[in-house]
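Have a look at entry-v4.cif below; it lists mmCIF, C-alpha atoms and all ligand atoms; chains and numbers go by the auth columns.
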```
data_query
loop_
_atom_site.group_PDB
_atom_site.id
_atom_site.type_symbol
_atom_site.label_atom_id
_atom_site.label_comp_id
_atom_site.label_asym_id
_atom_site.label_seq_id
_atom_site.Cartn_x
_atom_site.Cartn_y
_atom_site.Cartn_z
_atom_site.B_iso_or_equiv
_atom_site.auth_seq_id
_atom_site.auth_asym_id
ATOM 1 C CA MET A 1 119.901 120.418 124.541 0.00 1 N
ATOM 2 C CA ILE A 2 116.370 121.431 123.527 0.00 2 N
ATOM 3 C CA ARG A 3 115.283 120.063 120.165 0.00 3 N
ATOM 4 C CA ALA A 4 112.145 121.033 118.295 0.00 4 N
ATOM 5 C CA VAL A 5 110.423 120.256 115.032 0.00 5 N
ATOM 6 C CA TYR A 6 108.985 122.862 112.669 0.00 6 N
ATOM 7 C CA PRO A 7 106.492 120.944 110.526 0.00 7 N
ATOM 8 C CA GLY A 8 104.761 122.353 107.473 0.00 8 N
ATOM 9 C CA SER A 9 104.149 122.176 103.761 0.00 9 N
ATOM 10 C CA PHE A 10 106.724 124.842 102.838 0.00 10 N
ATOM 11 C CA ASP A 11 105.482 124.803 99.236 0.00 11 N
ATOM 12 C CA PRO A 12 107.501 126.940 98.805 0.00 12 N
ATOM 13 C CA PHE A 13 109.586 128.103 101.791 0.00 13 N
ATOM 14 C CA THR A 14 109.085 131.871 102.296 0.00 14 N
ATOM 15 C CA ASN A 15 110.741 134.675 104.234 0.00 15 N
ATOM 16 C CA GLY A 16 107.914 134.271 106.769 0.00 16 N
ATOM 17 C CA HIS A 17 109.053 130.701 107.431 0.00 17 N
ATOM 18 C CA LEU A 18 112.677 131.855 107.495 0.00 18 N
ATOM 19 C CA ASP A 19 111.956 134.386 110.221 0.00 19 N
ATOM 20 C CA ILE A 20 110.141 131.784 112.344 0.00 20 N
ATOM 21 C CA VAL A 21 113.133 129.426 111.991 0.00 21 N
ATOM 22 C CA GLU A 22 115.647 132.063 113.097 0.00 22 N
ATOM 23 C CA ARG A 23 113.543 133.274 116.010 0.00 23 N
ATOM 24 C CA SER A 24 112.733 129.764 117.226 0.00 24 N
ATOM 25 C CA LEU A 25 116.474 129.146 117.536 0.00 25 N
ATOM 26 C CA LEU A 26 116.585 131.845 120.197 0.00 26 N
ATOM 27 C CA VAL A 27 114.420 129.496 122.273 0.00 27 N
ATOM 28 C CA VAL A 28 115.579 126.011 121.241 0.00 28 N
ATOM 29 C CA ASP A 29 119.056 124.678 120.450 0.00 29 N
ATOM 30 C CA HIS A 30 118.270 122.572 117.418 0.00 30 N
ATOM 31 C CA LEU A 31 115.456 122.687 114.897 0.00 31 N
ATOM 32 C CA THR A 32 114.341 120.049 112.416 0.00 32 N
ATOM 33 C CA ILE A 33 112.359 121.543 109.567 0.00 33 N
ATOM 34 C CA ALA A 34 109.993 118.731 108.616 0.00 34 N
ATOM 35 C CA VAL A 35 108.414 118.923 105.174 0.00 35 N
ATOM 36 C CA LEU A 36 105.095 117.115 105.128 0.00 36 N
ATOM 37 C CA LYS A 37 104.625 114.588 102.343 0.00 37 N
ATOM 38 C CA ASN A 38 100.935 115.189 101.880 0.00 38 N
ATOM 39 C CA THR A 39 99.516 113.017 99.157 0.00 39 N
ATOM 40 C CA SER A 40 96.047 114.570 99.248 0.00 40 N
ATOM 41 C CA LYS A 41 97.225 118.156 98.687 0.00 41 N
ATOM 42 C CA LYS A 42 98.126 119.385 95.224 0.00 42 N
ATOM 43 C CA ASN A 43 101.631 120.770 95.500 0.00 43 N
ATOM 44 C CA LEU A 44 103.802 122.834 93.202 0.00 44 N
ATOM 45 C CA LEU A 45 107.134 121.369 94.306 0.00 45 N
ATOM 46 C CA GLU A 46 107.912 117.764 95.153 0.00 46 N
ATOM 47 C CA PRO A 47 108.711 117.326 98.866 0.00 47 N
ATOM 48 C CA GLU A 48 112.316 116.352 98.013 0.00 48 N
ATOM 49 C CA LYS A 49 112.712 119.538 95.982 0.00 49 N
ATOM 50 C CA ARG A 50 111.392 121.613 98.904 0.00 50 N
ATOM 51 C CA VAL A 51 113.901 119.913 101.209 0.00 51 N
ATOM 52 C CA GLU A 52 116.710 120.619 98.742 0.00 52 N
ATOM 53 C CA LEU A 53 115.817 124.324 98.551 0.00 53 N
ATOM 54 C CA ILE A 54 115.506 124.745 102.332 0.00 54 N
ATOM 55 C CA ARG A 55 118.848 122.940 102.839 0.00 55 N
ATOM 56 C CA GLU A 56 120.396 125.398 100.405 0.00 56 N
ATOM 57 C CA VAL A 57 118.973 128.333 102.420 0.00 57 N
ATOM 58 C CA PHE A 58 120.561 127.016 105.641 0.00 58 N
ATOM 59 C CA LYS A 59 123.745 125.563 104.159 0.00 59 N
ATOM 60 C CA GLY A 60 126.462 125.104 106.779 0.00 60 N
ATOM 61 C CA ARG A 61 124.110 125.471 109.754 0.00 61 N
ATOM 62 C CA GLU A 62 124.599 122.768 112.365 0.00 62 N
ATOM 63 C CA ASP A 63 121.607 123.868 114.423 0.00 63 N
ATOM 64 C CA ILE A 64 119.156 123.129 111.584 0.00 64 N
ATOM 65 C CA SER A 65 118.256 119.903 109.786 0.00 65 N
ATOM 66 C CA VAL A 66 115.750 119.489 107.006 0.00 66 N
ATOM 67 C CA GLU A 67 113.870 116.324 106.075 0.00 67 N
ATOM 68 C CA THR A 68 110.519 115.000 104.893 0.00 68 N
ATOM 69 C CA PHE A 69 107.985 113.238 107.061 0.00 69 N
ATOM 70 C CA SER A 70 104.675 111.500 106.550 0.00 70 N
ATOM 71 C CA GLY A 71 102.047 110.027 108.801 0.00 71 N
ATOM 72 C CA LEU A 72 101.084 111.289 112.226 0.00 72 N
ATOM 73 C CA LEU A 73 103.113 114.196 113.593 0.00 73 N
ATOM 74 C CA VAL A 74 103.139 112.656 117.087 0.00 74 N
ATOM 75 C CA ASP A 75 104.675 109.436 115.718 0.00 75 N
ATOM 76 C CA TYR A 76 107.325 111.464 113.937 0.00 76 N
ATOM 77 C CA LEU A 77 108.066 113.371 117.166 0.00 77 N
ATOM 78 C CA LYS A 78 108.511 110.108 119.064 0.00 78 N
ATOM 79 C CA MET A 79 110.977 108.983 116.418 0.00 79 N
ATOM 80 C CA LYS A 80 112.866 112.283 116.754 0.00 80 N
ATOM 81 C CA ASN A 81 112.842 111.967 120.526 0.00 81 N
ATOM 82 C CA THR A 82 111.139 115.296 121.151 0.00 82 N
ATOM 83 C CA THR A 83 107.684 116.558 122.110 0.00 83 N
ATOM 84 C CA CYS A 84 108.138 120.155 121.033 0.00 84 N
ATOM 85 C CA VAL A 85 106.775 121.723 117.865 0.00 85 N
ATOM 86 C CA ILE A 86 107.182 125.253 116.495 0.00 86 N
ATOM 87 C CA ARG A 87 104.390 126.940 114.525 0.00 87 N
ATOM 88 C CA GLY A 88 103.909 130.463 113.241 0.00 88 N
ATOM 89 C CA LEU A 89 100.763 132.549 113.664 0.00 89 N
ATOM 90 C CA ARG A 90 99.936 135.298 111.193 0.00 90 N
ATOM 91 C CA ALA A 91 96.381 136.258 112.001 0.00 91 N
ATOM 92 C CA VAL A 92 93.339 135.230 113.992 0.00 92 N
ATOM 93 C CA SER A 93 92.423 133.023 111.042 0.00 93 N
ATOM 94 C CA ASP A 94 95.508 130.863 111.730 0.00 94 N
ATOM 95 C CA PHE A 95 94.564 130.568 115.392 0.00 95 N
ATOM 96 C CA ASP A 96 91.391 128.480 115.039 0.00 96 N
ATOM 97 C CA TYR A 97 93.114 125.861 112.911 0.00 97 N
ATOM 98 C CA GLU A 98 96.269 125.768 115.034 0.00 98 N
ATOM 99 C CA HIS A 99 94.217 125.471 118.204 0.00 99 N
ATOM 100 C CA ALA A 100 92.281 122.485 116.832 0.00 100 N
ATOM 101 C CA VAL A 101 95.482 120.798 115.661 0.00 101 N
ATOM 102 C CA PHE A 102 97.135 121.383 119.040 0.00 102 N
ATOM 103 C CA LEU A 103 94.174 119.894 120.918 0.00 103 N
ATOM 104 C CA MET A 104 94.149 116.812 118.714 0.00 104 N
ATOM 105 C CA ASN A 105 97.905 116.256 118.967 0.00 105 N
ATOM 106 C CA ASN A 106 97.774 116.819 122.705 0.00 106 N
ATOM 107 C CA ARG A 107 95.055 114.186 122.912 0.00 107 N
ATOM 108 C CA LEU A 108 97.232 111.761 120.954 0.00 108 N
ATOM 109 C CA LEU A 109 100.392 112.530 122.954 0.00 109 N
ATOM 110 C CA HIS A 110 99.965 114.034 126.396 0.00 110 N
ATOM 111 C CA GLU A 111 103.455 115.593 126.506 0.00 111 N
ATOM 112 C CA PHE A 112 102.936 117.306 123.141 0.00 112 N
ATOM 113 C CA GLU A 113 103.764 121.038 123.214 0.00 113 N
ATOM 114 C CA THR A 114 103.666 123.776 120.613 0.00 114 N
ATOM 115 C CA ILE A 115 105.599 127.029 120.767 0.00 115 N
ATOM 116 C CA PHE A 116 103.714 129.618 118.730 0.00 116 N
ATOM 117 C CA LEU A 117 105.631 132.570 117.340 0.00 117 N
ATOM 118 C CA MET A 118 103.745 135.567 115.974 0.00 118 N
ATOM 119 C CA ALA A 119 104.679 136.641 112.455 0.00 119 N
ATOM 120 C CA ARG A 120 106.416 139.993 112.236 0.00 120 N
ATOM 121 C CA SER A 121 104.240 142.641 110.602 0.00 121 N
ATOM 122 C CA GLU A 122 106.373 142.723 107.451 0.00 122 N
ATOM 123 C CA ASN A 123 105.803 138.965 106.993 0.00 123 N
ATOM 124 C CA SER A 124 102.231 138.627 108.145 0.00 124 N
ATOM 125 C CA PHE A 125 100.829 138.937 104.602 0.00 125 N
ATOM 126 C CA ILE A 126 103.183 136.316 103.142 0.00 126 N
ATOM 127 C CA SER A 127 101.773 132.869 102.441 0.00 127 N
ATOM 128 C CA SER A 128 103.071 130.115 100.164 0.00 128 N
ATOM 129 C CA SER A 129 99.806 130.028 98.228 0.00 129 N
ATOM 130 C CA ILE A 130 99.702 133.773 97.525 0.00 130 N
ATOM 131 C CA VAL A 131 103.401 133.777 96.603 0.00 131 N
ATOM 132 C CA LYS A 132 102.718 130.994 94.071 0.00 132 N
ATOM 133 C CA GLU A 133 99.711 132.764 92.637 0.00 133 N
ATOM 134 C CA VAL A 134 101.525 136.085 92.229 0.00 134 N
ATOM 135 C CA ALA A 135 104.620 134.386 90.777 0.00 135 N
ATOM 136 C CA SER A 136 102.476 132.434 88.301 0.00 136 N
ATOM 137 C CA LEU A 137 100.999 135.718 87.070 0.00 137 N
ATOM 138 C CA GLY A 138 104.419 137.293 86.623 0.00 138 N
ATOM 139 C CA GLY A 139 104.416 139.433 89.779 0.00 139 N
ATOM 140 C CA ASN A 140 107.618 140.196 91.646 0.00 140 N
ATOM 141 C CA ILE A 141 107.943 138.131 94.825 0.00 141 N
ATOM 142 C CA SER A 142 111.712 138.514 95.207 0.00 142 N
ATOM 143 C CA ASP A 143 111.406 140.204 98.615 0.00 143 N
ATOM 144 C CA GLN A 144 109.088 137.498 99.967 0.00 144 N
ATOM 145 C CA VAL A 145 111.135 134.345 99.416 0.00 145 N
ATOM 146 C CA PRO A 146 114.815 133.387 99.740 0.00 146 N
ATOM 147 C CA GLU A 147 116.928 133.829 96.594 0.00 147 N
ATOM 148 C CA VAL A 148 117.082 130.082 95.768 0.00 148 N
ATOM 149 C CA VAL A 149 113.315 129.793 95.993 0.00 149 N
ATOM 150 C CA TYR A 150 112.897 132.876 93.817 0.00 150 N
ATOM 151 C CA ARG A 151 115.114 131.362 91.136 0.00 151 N
ATOM 152 C CA GLN A 152 113.194 128.073 91.282 0.00 152 N
ATOM 153 C CA LEU A 153 109.823 129.811 90.901 0.00 153 N
ATOM 154 C CA ARG A 154 111.106 131.885 88.001 0.00 154 N
ATOM 155 C CA GLU A 155 112.312 128.729 86.320 0.00 155 N
ATOM 156 C CA ILE A 156 108.886 127.128 86.696 0.00 156 N
ATOM 157 C CA TYR A 157 106.756 130.079 85.665 0.00 157 N
ATOM 158 C CA ASN A 158 108.955 131.603 82.977 0.00 158 N
ATOM 159 C CA LYS A 159 108.770 128.489 80.832 0.00 159 N
HETATM 160 P P1 LIG B . 100.912 124.099 106.747 0.00 1 A
HETATM 161 O O1 LIG B . 100.301 123.523 105.507 0.00 1 A
HETATM 162 O O2 LIG B . 101.341 123.083 107.748 0.00 1 A
HETATM 163 O O3 LIG B . 100.163 125.238 107.372 0.00 1 A
HETATM 164 P P2 LIG B . 102.772 126.098 105.803 0.00 1 A
HETATM 165 O O4 LIG B . 104.018 125.873 105.021 0.00 1 A
HETATM 166 O O5 LIG B . 101.696 126.887 105.159 0.00 1 A
HETATM 167 O O6 LIG B . 102.309 124.661 106.221 0.00 1 A
HETATM 168 O O7 LIG B . 103.129 126.793 107.171 0.00 1 A
HETATM 169 C C1 LIG B . 103.989 126.194 108.114 0.00 1 A
HETATM 170 C C2 LIG B . 103.970 127.024 109.381 0.00 1 A
HETATM 171 O O8 LIG B . 104.546 128.305 109.113 0.00 1 A
HETATM 172 C C3 LIG B . 102.583 127.315 109.949 0.00 1 A
HETATM 173 O O9 LIG B . 102.699 127.332 111.364 0.00 1 A
HETATM 174 C C4 LIG B . 102.250 128.674 109.436 0.00 1 A
HETATM 175 O O10 LIG B . 101.347 129.359 110.269 0.00 1 A
HETATM 176 C C5 LIG B . 103.635 129.325 109.480 0.00 1 A
HETATM 177 N N1 LIG B . 103.737 130.422 108.529 0.00 1 A
HETATM 178 C C6 LIG B . 103.429 130.414 107.225 0.00 1 A
HETATM 179 N N2 LIG B . 103.674 131.616 106.663 0.00 1 A
HETATM 180 C C7 LIG B . 104.135 132.414 107.654 0.00 1 A
HETATM 181 C C8 LIG B . 104.535 133.792 107.734 0.00 1 A
HETATM 182 N N3 LIG B . 104.469 134.596 106.682 0.00 1 A
HETATM 183 N N4 LIG B . 104.968 134.260 108.919 0.00 1 A
HETATM 184 C C9 LIG B . 105.001 133.441 109.997 0.00 1 A
HETATM 185 N N5 LIG B . 104.614 132.153 110.006 0.00 1 A
HETATM 186 C C10 LIG B . 104.187 131.635 108.854 0.00 1 A
#
```
Would you mind writing the file out in structure tokens?
Amino acid sequence: MIRAVYPGSFDPFTNGHLDIVERSLLVVDHLTIAVLKNTSKKNLLEPEKRVELIREVFKGREDISVETFSGLLVDYLKMKNTTCVIRGLRAVSDFDYEHAVFLMNNRLLHEFETIFLMARSENSFISSSIVKEVASLGGNISDQVPEVVYRQLREIYNK
């Protein structure tokens, strides 16, 4: 059984993330979506809230688990007993950062591997930060995030 981890901020989880999750499961048997508890970054949603929303999206799925993690990704991978990470690539601008992160993780853990999946064209413009900005200004982002996330954002910004 091939297990992988999909780490990220997911603040909030978008349809771009959703597509990467579904497509990665054509390659691996089980995926853990790992929500980074990043204390230095200013987030909209608490990590536990993000986990709750993503769990709702994948309710009833035995091939997907969702949890938070903190600290070094390679330490988390060791704990999960895997060396395989999934990441999405939207544009060349993602590549430089992802390449640097891969090289560092590979230096820290020699067996470390990343499977990169290219975003589909219809998702390549979607990012959590732009979704938040548009939602905060009253724009319609209902086709860019799962329904539960949409409702949560409306609740926050319609106050
Ligand atoms: P991070 O802060 O770790 O980059 P994100 O939640 O922004 O966390 O992204 C997590 C992963 O999902 C990254 O690999 C990112 O490139 C990928 N990703 C984000 N948005 C999309 C999208 N629209 N299509 C495909 N992959 C995406």
Practice task
Starting from the point (106.1, 121.7, 106.8), work out which residues of protein, DNA or RNA have an atom no more than 8 Å away when counting all atoms listed in the file; state them as an NGL selection string.
Solution key: :N and (6-10 or 33-36)
Problem - Spatial neighbours of range 64-78 of chain N, 8 Å, only C-alpha atoms, chain gap at least 4 places, as number ranges by chain - result: N: 5, 30-38, 47-48, 51, 54-55, 58, 82-84, 105, 108-109, 112
Write out as a Markdown table the residues of chain N that have any atom within 10 Å of an atom of ligand LIG 1 (chain A), one row each with the nearest atom pair and its distance in Å to one decimal, counting all atoms listed in the file, sorted by chain and then rising number.
```
| residue | atom | partner | partner_atom | distance |
| --- | --- | --- | --- | --- |
| N:Tyr6 | CA | A:LIG1 | C2 | 7.3 |
| N:Pro7 | CA | A:LIG1 | O2 | 6.2 |
| N:Gly8 | CA | A:LIG1 | O2 | 3.5 |
| N:Ser9 | CA | A:LIG1 | O4 | 3.9 |
| N:Phe10 | CA | A:LIG1 | O4 | 3.6 |
| N:Asp11 | CA | A:LIG1 | O4 | 6.1 |
| N:Pro12 | CA | A:LIG1 | O4 | 7.2 |
| N:Phe13 | CA | A:LIG1 | O4 | 6.8 |
| N:Thr14 | CA | A:LIG1 | N3 | 6.9 |
| N:Asn15 | CA | A:LIG1 | N3 | 6.7 |
| N:Gly16 | CA | A:LIG1 | N3 | 3.5 |
| N:His17 | CA | A:LIG1 | C10 | 5.2 |
| N:Leu18 | CA | A:LIG1 | N4 | 8.2 |
| N:Asp19 | CA | A:LIG1 | C9 | 7.0 |
| N:Ile20 | CA | A:LIG1 | C9 | 5.9 |
| N:Val21 | CA | A:LIG1 | O8 | 9.1 |
| N:Ile33 | CA | A:LIG1 | C1 | 9.7 |
| N:Ala34 | CA | A:LIG1 | C1 | 9.6 |
| N:Val35 | CA | A:LIG1 | O4 | 8.2 |
| N:Leu36 | CA | A:LIG1 | O2 | 7.5 |
| N:Asn38 | CA | A:LIG1 | O1 | 9.1 |
| N:Lys41 | CA | A:LIG1 | O1 | 9.2 |
| N:Val85 | CA | A:LIG1 | O9 | 9.5 |
| N:Ile86 | CA | A:LIG1 | O9 | 7.1 |
| N:Arg87 | CA | A:LIG1 | O9 | 3.6 |
| N:Gly88 | CA | A:LIG1 | N5 | 3.7 |
| N:Leu89 | CA | A:LIG1 | O10 | 4.7 |
| N:Arg90 | CA | A:LIG1 | C9 | 5.5 |
| N:Ala91 | CA | A:LIG1 | O10 | 8.7 |
| N:Ser93 | CA | A:LIG1 | O10 | 9.7 |
| N:Asp94 | CA | A:LIG1 | O10 | 6.2 |
| N:Phe95 | CA | A:LIG1 | O10 | 8.6 |
| N:Tyr97 | CA | A:LIG1 | O3 | 9.0 |
| N:Glu98 | CA | A:LIG1 | O9 | 7.6 |
| N:Thr114 | CA | A:LIG1 | O9 | 10.0 |
| N:Ile115 | CA | A:LIG1 | O9 | 9.8 |
| N:Phe116 | CA | A:LIG1 | O9 | 7.8 |
| N:Leu117 | CA | A:LIG1 | N5 | 7.4 |
| N:Met118 | CA | A:LIG1 | C9 | 6.5 |
| N:Ala119 | CA | A:LIG1 | C9 | 4.0 |
| N:Arg120 | CA | A:LIG1 | N4 | 6.8 |
| N:Ser121 | CA | A:LIG1 | N4 | 8.6 |
| N:Glu122 | CA | A:LIG1 | N3 | 8.4 |
| N:Asn123 | CA | A:LIG1 | N3 | 4.6 |
| N:Ser124 | CA | A:LIG1 | N3 | 4.8 |
| N:Phe125 | CA | A:LIG1 | N3 | 6.0 |
| N:Ile126 | CA | A:LIG1 | N3 | 4.1 |
| N:Ser127 | CA | A:LIG1 | N2 | 4.8 |
| N:Ser128 | CA | A:LIG1 | O5 | 6.1 |
| N:Ser129 | CA | A:LIG1 | O5 | 7.8 |
| N:Gln144 | CA | A:LIG1 | N3 | 8.7 |
| N:Val145 | CA | A:LIG1 | N3 | 9.9 |
```
Handout entry: Among listed residues N:Lys49, N:His99, N:Lys132, N:Lys80, nearest Val148 in chain N (using only C-alpha atoms)
Key =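 Smallest distance to Val148 in chain N is found for N:Lys49.
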Completion exercise
Computed gap from CA of Pro146 in chain N to CA of Leu44 in chain N is 16.6 Å
Can you spell out as an mmCIF file with C-alpha atoms, in the frame of the given file the set of residues that the PyMOL selection byres (((chain N and resi 153-156) around 9) and not hetatm) selects in the structure I just provided?
```cif
data_model
loop_
_atom_site.group_PDB
_atom_site.id
_atom_site.type_symbol
_atom_site.label_atom_id
_atom_site.label_comp_id
_atom_site.auth_asym_id
_atom_site.auth_seq_id
_atom_site.Cartn_x
_atom_site.Cartn_y
_atom_site.Cartn_z
ATOM 1 C CA PRO N 12 107.501 126.940 98.805
ATOM 2 C CA LYS N 132 102.718 130.994 94.071
ATOM 3 C CA ALA N 135 104.620 134.386 90.777
ATOM 4 C CA SER N 136 102.476 132.434 88.301
ATOM 5 C CA GLY N 138 104.419 137.293 86.623
ATOM 6 C CA VAL N 148 117.082 130.082 95.768
ATOM 7 C CA VAL N 149 113.315 129.793 95.993
ATOM 8 C CA TYR N 150 112.897 132.876 93.817
ATOM 9 C CA ARG N 151 115.114 131.362 91.136
ATOM 10 C CA GLN N 152 113.194 128.073 91.282
ATOM 11 C CA TYR N 157 106.756 130.079 85.665
ATOM 12 C CA ASN N 158 108.955 131.603 82.977
ATOM 13 C CA LYS N 159 108.770 128.489 80.832
#
```
Fill in the blank from the handout: For Asp63 in chain N, the closest of N:Met104, N:Leu25, N:Val134, N:Ile141 counting only C-alpha atoms is N:Leu25
Give, as AutoDock Vina command-line options, the centre coordinates and the x, y and z edge lengths in Å to one decimal for an axis-aligned box around all listed atoms of range 112-129 of chain N, padded by 4 Å on each side.
```
--center_x 103.1 --center_y 130.0 --center_z 110.7 --size_x 14.6 --size_y 33.4 --size_z 33.0
```
Problem - Residue with smallest distance to Asn81 in chain N - pool N:Met1, N:Val131, N:Leu137, N:Leu103, counting all atoms listed in the file - result: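 Among the listed residues, the smallest separation from Asn81 in chain N belongs to N:Met1.
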Kindly reconstruct range 110-124 of chain N with N, CA and C atoms and present the result as a tab-separated table (two decimals), keeping the file's coordinate frame.
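What landed in part-v8.tsv:
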```tsv
chain	number	residue	atom	x	y	z
N	110	HIS	N	100.21	113.11	125.29
N	110	HIS	CA	99.96	114.03	126.40
N	110	HIS	C	101.08	115.07	126.59
N	111	GLU	N	102.32	114.68	126.28
N	111	GLU	CA	103.46	115.59	126.51
N	111	GLU	C	103.63	116.57	125.35
N	112	PHE	N	102.80	116.46	124.34
N	112	PHE	CA	102.94	117.31	123.14
N	112	PHE	C	102.86	118.79	123.51
N	113	GLU	N	103.80	119.59	123.00
N	113	GLU	CA	103.76	121.04	123.21
N	113	GLU	C	104.01	121.77	121.90
N	114	THR	N	103.38	122.93	121.77
N	114	THR	CA	103.67	123.78	120.61
N	114	THR	C	104.11	125.15	121.10
N	115	ILE	N	105.19	125.64	120.53
N	115	ILE	CA	105.60	127.03	120.77
N	115	ILE	C	105.12	127.83	119.57
N	116	PHE	N	104.23	128.79	119.82
N	116	PHE	CA	103.71	129.62	118.73
N	116	PHE	C	104.48	130.93	118.69
N	117	LEU	N	104.96	131.28	117.51
N	117	LEU	CA	105.63	132.57	117.34
N	117	LEU	C	104.78	133.43	116.41
N	118	MET	N	104.55	134.67	116.81
N	118	MET	CA	103.74	135.57	115.97
N	118	MET	C	104.59	136.06	114.81
N	119	ALA	N	103.97	136.11	113.62
N	119	ALA	CA	104.68	136.64	112.46
N	119	ALA	C	104.98	138.12	112.68
N	120	ARG	N	106.13	138.56	112.22
N	120	ARG	CA	106.42	139.99	112.24
N	120	ARG	C	105.49	140.67	111.24
N	121	SER	N	105.22	141.96	111.46
N	121	SER	CA	104.24	142.64	110.60
N	121	SER	C	104.65	142.59	109.13
N	122	GLU	N	105.95	142.72	108.86
N	122	GLU	CA	106.37	142.72	107.45
N	122	GLU	C	106.21	141.37	106.77
N	123	ASN	N	105.98	140.30	107.58
N	123	ASN	CA	105.80	138.96	106.99
N	123	ASN	C	104.37	138.46	107.10
N	124	SER	N	103.53	139.19	107.80
N	124	SER	CA	102.23	138.63	108.14
N	124	SER	C	101.32	138.47	106.93
```
